[in-house]
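Q: Here it is, the structure, as structure tokens.
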Amino acid sequence: MNPATGEAVATIAQGTAEEYKSCRAAMDAAKKDWADMPAPKRGEIVRQISNAIREKIEPLGKIIALEMGKIAPEGIGEVQEIVDMCDMAVGLSRGINGQVIPSEREGHTILEQWNPLGHVAVISAFNFPMAVLGWNMALSMICGNCTIWKGAPSTSLCSVALTKVIVDVLKKNDIHPGVFVLCQGDADVGELITSDPGIPLVSFTGSSKVGRRVSEVVHGRFGRTILECSGNAAVVVMPSANLDLALRAVLFGSVGTAGQRCTTSRRLLVHETVYDEFVTKLAGSYKSVPAGNPLEEGTLLGPVHCERAVKEYEAAIKEATEEGGKVLVGGKRMDRPGYYVEPTIVEMPSCTSESMKEETFVPLLYVAKVGSLDEAIAANNSVKQGLSCALFSTDMREVFKWVGPSGSDCGLVNVNAGSSGAEIGGAFGGEKETGGGRESGSNAWQQYMRRSTCTINFTDELPLAQGIKFGGE
Ligand code: NAD
């Protein structure tokens with residue numbers, strides 16, 4: 001569906017249980033050769049995938065805009081993220097190294113060898129219909145795994161388009177097609193994946209509700225997960241902040257992608273001494289955001305993804321006003337075809353109001369006053385989710401408190417930069433009901449491999465660890 005019009009753009013067959021079986025058989029057939037190929041050679045394949053995606057960056061980005069509904073520059077940025085991720089993975093393919101550890105036994109060496117897991121599954125959400133695959137695929141491939149992808153059913157065209165680019169590169173290099181397969185579908189295909197004992201790692205991105213189910217099924221069979229679930233980012237603005245900077249960051253963070261990023265700014269906590277000035281300016285800037293077709297130049301606000309999201313938007317505003325919230329700007333569905341809603345700010349009576357505790361995946365920002373950084377940190381940490389957050393302050397003591405052990409409990413803890421728009425070099429992910437997973441940069445690659453700790457004896461003696469004597473001597 002095109003969310004800007006509410007009309008169908010394509011009909012896409014979804015995978016069946018039989019097709020899932022044939023995908024898995026292809027992966028099994030590809031596994032050994034791919035795992036045995038030297039990692040830098042696998043990196044070379046990922047380098048070619050990166051180049052192939054670069055060549056098609058604009059059409060791929062526009063398919064995202066058409067089907068998901070984010071504006072084209074953001075769609076193209078999403079594809080750029082895959083290119084960046086592949087480039088980083090190419091370098092890493094020469095650096096997925098373990099340690100050499102001193103042994104307590106003479107003539108012994110302990111070393112870590114990182115080996116492929118075998119198969120990795122990626123189940124992704126509609127809101128980043130290509131980038132999430134990119135984060136996982138690039139690392140999974142250089143680590144020597146065969147990868148199966150199931151994208152969100154409402155962004156099937158994105159899944160098919162990106163898969164074609166990847167598969168073409170495999171074909172050109174005579175690589176077995178089972179190294180990367182797509183099995184589109186909804187919960188039924190998802191369940192086939194999560195319950196499959198042949199898939200040691202399931203990387204899931206989506207809501208905490210579905211993430212909980214994925215976690216139960218995969219951990220129930222002692223599989224591994226990377227869970228990237230719901231967020232509920234707070235932005236804290238303190239008196240020493242550069243307010244212009246904070247304003248721009250909050251506007252992008254709350255209205256960008258029509259509020260449909262896991263890192264979207266959903267709660268704005270402003271110190272009481274700058275509250276009126278900041279919130280009045282922000283409300284003014286909300287009114288001038290141009291809404292329109294995501295594929296047209298100049299549009300900054302596209303539609304939300306589907307009719308259900310419009311209903312959730314209306315229900316969340318009703319709930320907030322019933323709790324004493326006051327709509328400062330927006331609050332209604334737009335009078336135009338498709339799924340457009342007005343970006344909305346609701347002023348809440350308290351920084352821990354109940355309505356603020358759930359993630360509603362729409363451009364709805366709750367604002368509330370705080371009297372101190374301690375109060376803001378307590379409010380930030382009071383929700384079930386723990387993905388992203390931001391502090392605007394130039395007071396060094398506040399900055400270090402915010403990032404330190406008694407500060408924010410999120411996985412992404414920003415200072416004078418908004419809550420959304422992470423770079424791939426850092427490990428991405430969050431705590432609590434966000435799931436605890438980490439993807440993309442830093443040492444996230446280690447999750448796609450199994451560590452073999454190898455003790456190697458290069459003598460004719462057999463000393464036991466801890467000096468234990470066992471018979472004989
Ligand atoms: P969703 O949970 O509805 O669906 C996610 C994926 O799970 C889809 O592919 C869906 O088909 C699949 N699925 C559904 N039931 C399943 C089951 N029983 N077993 C296995 N798979 C199943 O999420 P959504 O609406 O597509 O995406 C929005 C959510 O994703 C938001 O909560 C957002 O915060 C979250 N998200 C998180 C991150 C992150 O990195 N933390 C990134 C993007 C999106």
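All residue names refer to the structure tokens as shown: chains lettered A, B, ... in order, residues numbered from 1 in each chain, ligands numbered from 1 in order.
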Which of stretch 162-260 of chain A end up as strand (DSSP E or B) when DSSP is run on this backbone - answer as a PyMOL selection string?

A: chain A and resi 180-182+201-205+224-228+233-237

Q: Set the distance at 8 Å and use only C-alpha atoms: which residues neighbour stretch 287-300 of chain A once local chain neighbours fewer than 4 positions away are removed? I'd like the list as a VMD selection string.

A: chain A and resid 4 62 65 to 66 69 to 72 256 283 329

Q: Dump the neighbourhood of ligand 1 as a ChimeraX atom specification: all residues within 8 Å, distances computed on only C-alpha atoms and all ligand atoms.

A: /A:123-128,132,150-153,185-194,204-211,213-214,227-232,260-263,359,361,387,428-430,434-435

Q: Would you mind telling me which residue in A:Arg47, A:Gln99, A:Asp36, A:Phe278 lies nearest to A:Arg248 when using only C-alpha atoms?

A: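 Smallest separation from A:Arg248 among the options: A:Phe278.
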
Q: Nearest to A:His108: which of A:Pro363, A:Gly61, A:Pro463, A:Pro129 is it, counting only C-alpha atoms?

A: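 That would be A:Pro463, the residue with the smallest distance to A:His108.
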
Q: What's the separation between atom CA of A:Glu19 and atom CA of A:Gly75, in Å to one decimal place?

A: 29.9 Å

Q: Please identify which residues in stretch 312-459 of chain A DSSP calls helix (DSSP H, G or I) from the backbone, and express them as a PyMOL selection string.

A: chain A and resi 312-322+354-357+373-380+396-403+444-448

Q: Go through A:Leu133, A:Cys410, A:Met356, A:Ile148 and flag the residue nearest A:Glu433, using only C-alpha atoms for the distances.

A: A:Cys410

Q: Taking only C-alpha atoms into account, which of A:Ser265, A:Ser419, A:Ser388, A:Thr257 comes nearest A:Glu74?

A: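 The answer is A:Thr257, which sits nearest to A:Glu74.
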
Q: With distances taken over only C-alpha atoms, which of A:Leu117, A:Ala422, A:Ile377, A:Val279 is nearest to A:Lys401?

A: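 Between A:Leu117, A:Ala422, A:Ile377, A:Val279, the residue approaching A:Lys401 most closely is A:Ile377.
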
Q: Find the residues near A:Leu269: any atom within 9 Å, counting only C-alpha atoms, skip ones fewer than 4 places away on the same chain, and give them as an MDAnalysis selection string.

A: chainID A and resid 234:238 275 351 366:370 376 379:380

Q: I need the chosen residues saved as a compact mmCIF listing (two decimals), in the first residue's frame, with N, CA and C atoms.

A:
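The resulting again-v1.txt:
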# COMPACT_ATOMS: atom_id res chain seq x y z
N ALA A 234 13.15 10.13 25.92
CA ALA A 234 12.92 11.42 26.57
C ALA A 234 14.04 12.37 26.16
N VAL A 235 13.68 13.65 26.01
CA VAL A 235 14.69 14.69 25.80
C VAL A 235 14.57 15.66 26.97
N VAL A 236 15.70 15.93 27.61
CA VAL A 236 15.70 16.81 28.78
C VAL A 236 16.38 18.12 28.39
N VAL A 237 15.73 19.23 28.68
CA VAL A 237 16.31 20.54 28.36
C VAL A 237 16.53 21.30 29.67
N MET A 238 17.80 21.60 29.96
CA MET A 238 18.15 22.28 31.21
C MET A 238 18.43 23.76 30.96
N TYR A 275 10.88 26.63 30.52
CA TYR A 275 9.76 25.87 29.95
C TYR A 275 8.90 26.71 28.99
N CYS A 351 5.63 14.89 34.87
CA CYS A 351 6.63 14.29 33.98
C CYS A 351 6.61 12.76 34.04
N TYR A 366 4.78 14.39 24.16
CA TYR A 366 4.27 14.83 25.46
C TYR A 366 5.29 15.78 26.06
N VAL A 367 4.84 16.92 26.60
CA VAL A 367 5.79 17.81 27.27
C VAL A 367 5.39 17.98 28.74
N ALA A 368 6.40 18.11 29.58
CA ALA A 368 6.14 18.31 31.01
C ALA A 368 7.30 19.08 31.64
N LYS A 369 7.01 19.74 32.76
CA LYS A 369 8.05 20.50 33.48
C LYS A 369 8.82 19.59 34.42
N VAL A 370 10.12 19.92 34.57
CA VAL A 370 10.89 19.28 35.64
C VAL A 370 11.57 20.38 36.46
N ALA A 376 14.40 14.78 36.32
CA ALA A 376 14.35 14.40 34.91
C ALA A 376 14.91 12.99 34.71
N ALA A 379 12.38 10.48 35.85
CA ALA A 379 11.28 10.36 34.88
C ALA A 379 11.75 9.60 33.65
N ASN A 380 12.94 9.94 33.17
CA ASN A 380 13.51 9.24 32.00
C ASN A 380 13.53 7.73 32.24

Q: Name the closest residue to A:Val46 among the candidates A:Ala10, A:Leu251, A:Ala138, A:Ala30; distances are taken between atoms, counting only C-alpha atoms.

A: A:Ala138

Q: Between atom CA of A:Ala8 and atom CA of A:Val362, what is the distance in Å, rounded to a tenth?

A: 21.8 Å

Q: Please identify all polymer residues within 9 Å of A:Gln113, counting only C-alpha atoms, omitting same-chain residues fewer than 4 positions from it, and present them as an NGL selection string.

A: :A and (97-99 or 450-454)

Q: Please produce an output containing all heavy atoms for each residue in the selection, written as a tab-separated table (two decimals), in the first residue's frame.

A:
chain	number	residue	atom	x	y	z
A	97	ASN	N	38.96	-10.89	15.21
A	97	ASN	CA	40.01	-11.69	15.86
A	97	ASN	C	39.70	-11.94	17.33
A	97	ASN	O	38.99	-11.19	17.98
A	97	ASN	CB	41.35	-10.97	15.73
A	97	ASN	CG	41.26	-9.55	16.22
A	97	ASN	OD1	40.18	-8.97	16.26
A	97	ASN	ND2	42.37	-8.99	16.64
A	98	GLY	N	40.28	-13.03	17.84
A	98	GLY	CA	40.17	-13.32	19.26
A	98	GLY	C	41.45	-12.93	19.99
A	98	GLY	O	42.33	-12.30	19.41
A	99	GLN	N	41.55	-13.31	21.26
A	99	GLN	CA	42.73	-12.96	22.06
A	99	GLN	C	43.64	-14.17	22.21
A	99	GLN	O	43.21	-15.31	22.05
A	99	GLN	CB	42.30	-12.54	23.46
A	99	GLN	CG	41.27	-11.45	23.50
A	99	GLN	CD	40.97	-11.07	24.95
A	99	GLN	OE1	41.87	-10.70	25.70
A	99	GLN	NE2	39.73	-11.18	25.33
A	450	ARG	N	30.38	-17.86	17.21
A	450	ARG	CA	30.56	-18.58	18.48
A	450	ARG	C	32.05	-18.58	18.80
A	450	ARG	O	32.89	-18.70	17.91
A	450	ARG	CB	29.98	-20.00	18.41
A	450	ARG	CG	30.59	-20.86	17.36
A	450	ARG	CD	29.92	-22.21	17.24
A	450	ARG	NE	30.50	-22.90	16.09
A	450	ARG	CZ	31.64	-23.57	16.12
A	450	ARG	NH1	32.33	-23.68	17.24
A	450	ARG	NH2	32.11	-24.15	15.03
A	451	ARG	N	32.34	-18.41	20.10
A	451	ARG	CA	33.74	-18.29	20.52
A	451	ARG	C	34.25	-19.66	20.97
A	451	ARG	O	33.67	-20.27	21.86
A	451	ARG	CB	33.82	-17.31	21.69
A	451	ARG	CG	35.20	-17.09	22.21
A	451	ARG	CD	35.23	-16.20	23.46
A	451	ARG	NE	34.00	-15.48	23.74
A	451	ARG	CZ	33.97	-14.26	24.26
A	451	ARG	NH1	35.07	-13.62	24.52
A	451	ARG	NH2	32.82	-13.69	24.53
A	452	SER	N	35.30	-20.15	20.35
A	452	SER	CA	35.93	-21.38	20.82
A	452	SER	C	37.16	-20.98	21.62
A	452	SER	O	38.05	-20.32	21.09
A	452	SER	CB	36.36	-22.25	19.64
A	452	SER	OG	35.27	-22.45	18.76
A	453	THR	N	37.20	-21.35	22.90
A	453	THR	CA	38.39	-21.10	23.72
A	453	THR	C	39.26	-22.35	23.60
A	453	THR	O	38.85	-23.43	23.99
A	453	THR	CB	37.98	-20.86	25.19
A	453	THR	OG1	37.05	-19.77	25.21
A	453	THR	CG2	39.18	-20.52	26.06
A	454	CYS	N	40.45	-22.18	23.03
A	454	CYS	CA	41.26	-23.34	22.66
A	454	CYS	C	42.53	-23.37	23.52
A	454	CYS	O	43.34	-22.44	23.46
A	454	CYS	CB	41.67	-23.25	21.19
A	454	CYS	SG	40.32	-22.79	20.11

Q: For A:Glu319, find every residue with an atom within 10 Å (counting only C-alpha atoms), except residues of its own chain fewer than 5 positions away, and show them as a ChimeraX atom specification.

A: /A:313-314,324-325,354-356

Q: Selection from above, all heavy atoms, as a PDB file, in the first residue's frame, can you write it?

A:
ATOM      1  N   TYR A 313      -3.129   6.925  17.134  1.00  0.00           N
ATOM      2  CA  TYR A 313      -2.872   8.356  17.372  1.00  0.00           C
ATOM      3  C   TYR A 313      -4.083   8.985  18.067  1.00  0.00           C
ATOM      4  O   TYR A 313      -3.961   9.640  19.111  1.00  0.00           O
ATOM      5  CB  TYR A 313      -2.593   8.992  16.008  1.00  0.00           C
ATOM      6  CG  TYR A 313      -2.633  10.491  15.910  1.00  0.00           C
ATOM      7  CD1 TYR A 313      -1.513  11.268  16.184  1.00  0.00           C
ATOM      8  CD2 TYR A 313      -3.794  11.142  15.468  1.00  0.00           C
ATOM      9  CE1 TYR A 313      -1.544  12.648  16.044  1.00  0.00           C
ATOM     10  CE2 TYR A 313      -3.829  12.519  15.318  1.00  0.00           C
ATOM     11  CZ  TYR A 313      -2.705  13.272  15.609  1.00  0.00           C
ATOM     12  OH  TYR A 313      -2.730  14.636  15.458  1.00  0.00           O
ATOM     13  N   GLU A 314      -5.270   8.728  17.509  1.00  0.00           N
ATOM     14  CA  GLU A 314      -6.490   9.337  18.073  1.00  0.00           C
ATOM     15  C   GLU A 314      -6.734   8.817  19.494  1.00  0.00           C
ATOM     16  O   GLU A 314      -7.067   9.587  20.392  1.00  0.00           O
ATOM     17  CB  GLU A 314      -7.688   9.036  17.161  1.00  0.00           C
ATOM     18  CG  GLU A 314      -7.600   9.838  15.860  1.00  0.00           C
ATOM     19  CD  GLU A 314      -8.600   9.402  14.775  1.00  0.00           C
ATOM     20  OE1 GLU A 314      -9.127   8.267  14.836  1.00  0.00           O
ATOM     21  OE2 GLU A 314      -8.822  10.197  13.858  1.00  0.00           O
ATOM     22  N   GLY A 324      -5.671  14.657  31.962  1.00  0.00           N
ATOM     23  CA  GLY A 324      -5.387  16.053  32.305  1.00  0.00           C
ATOM     24  C   GLY A 324      -4.458  16.735  31.322  1.00  0.00           C
ATOM     25  O   GLY A 324      -4.047  17.877  31.538  1.00  0.00           O
ATOM     26  N   GLY A 325      -4.100  16.079  30.222  1.00  0.00           N
ATOM     27  CA  GLY A 325      -3.229  16.683  29.208  1.00  0.00           C
ATOM     28  C   GLY A 325      -3.969  17.746  28.394  1.00  0.00           C
ATOM     29  O   GLY A 325      -5.192  17.690  28.240  1.00  0.00           O
ATOM     30  N   GLU A 354       0.886   8.661  33.333  1.00  0.00           N
ATOM     31  CA  GLU A 354       0.751   7.285  32.811  1.00  0.00           C
ATOM     32  C   GLU A 354       0.745   7.227  31.283  1.00  0.00           C
ATOM     33  O   GLU A 354       1.338   6.339  30.680  1.00  0.00           O
ATOM     34  CB  GLU A 354      -0.545   6.641  33.340  1.00  0.00           C
ATOM     35  CG  GLU A 354      -0.429   6.100  34.750  1.00  0.00           C
ATOM     36  CD  GLU A 354       0.748   5.152  34.952  1.00  0.00           C
ATOM     37  OE1 GLU A 354       0.850   4.171  34.195  1.00  0.00           O
ATOM     38  OE2 GLU A 354       1.574   5.406  35.859  1.00  0.00           O
ATOM     39  N   SER A 355       0.076   8.198  30.637  1.00  0.00           N
ATOM     40  CA  SER A 355      -0.045   8.166  29.164  1.00  0.00           C
ATOM     41  C   SER A 355       1.317   8.198  28.488  1.00  0.00           C
ATOM     42  O   SER A 355       1.458   7.801  27.335  1.00  0.00           O
ATOM     43  CB  SER A 355      -0.831   9.363  28.641  1.00  0.00           C
ATOM     44  OG  SER A 355      -1.912   9.638  29.431  1.00  0.00           O
ATOM     45  N   MET A 356       2.322   8.722  29.190  1.00  0.00           N
ATOM     46  CA  MET A 356       3.640   8.867  28.575  1.00  0.00           C
ATOM     47  C   MET A 356       4.434   7.564  28.608  1.00  0.00           C
ATOM     48  O   MET A 356       5.531   7.498  28.072  1.00  0.00           O
ATOM     49  CB  MET A 356       4.457   9.955  29.304  1.00  0.00           C
ATOM     50  CG  MET A 356       3.798  11.309  29.283  1.00  0.00           C
ATOM     51  SD  MET A 356       4.474  12.416  30.536  1.00  0.00           S
ATOM     52  CE  MET A 356       5.938  13.038  29.740  1.00  0.00           C
TER      53      MET A 356
END

Q: Which value, in Å to one decimal, gives the distance between atom CA of A:Glu431 and atom CA of A:Gln80?

A: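 Calculated distance between atom CA of A:Glu431 and atom CA of A:Gln80 is 26.6 Å.
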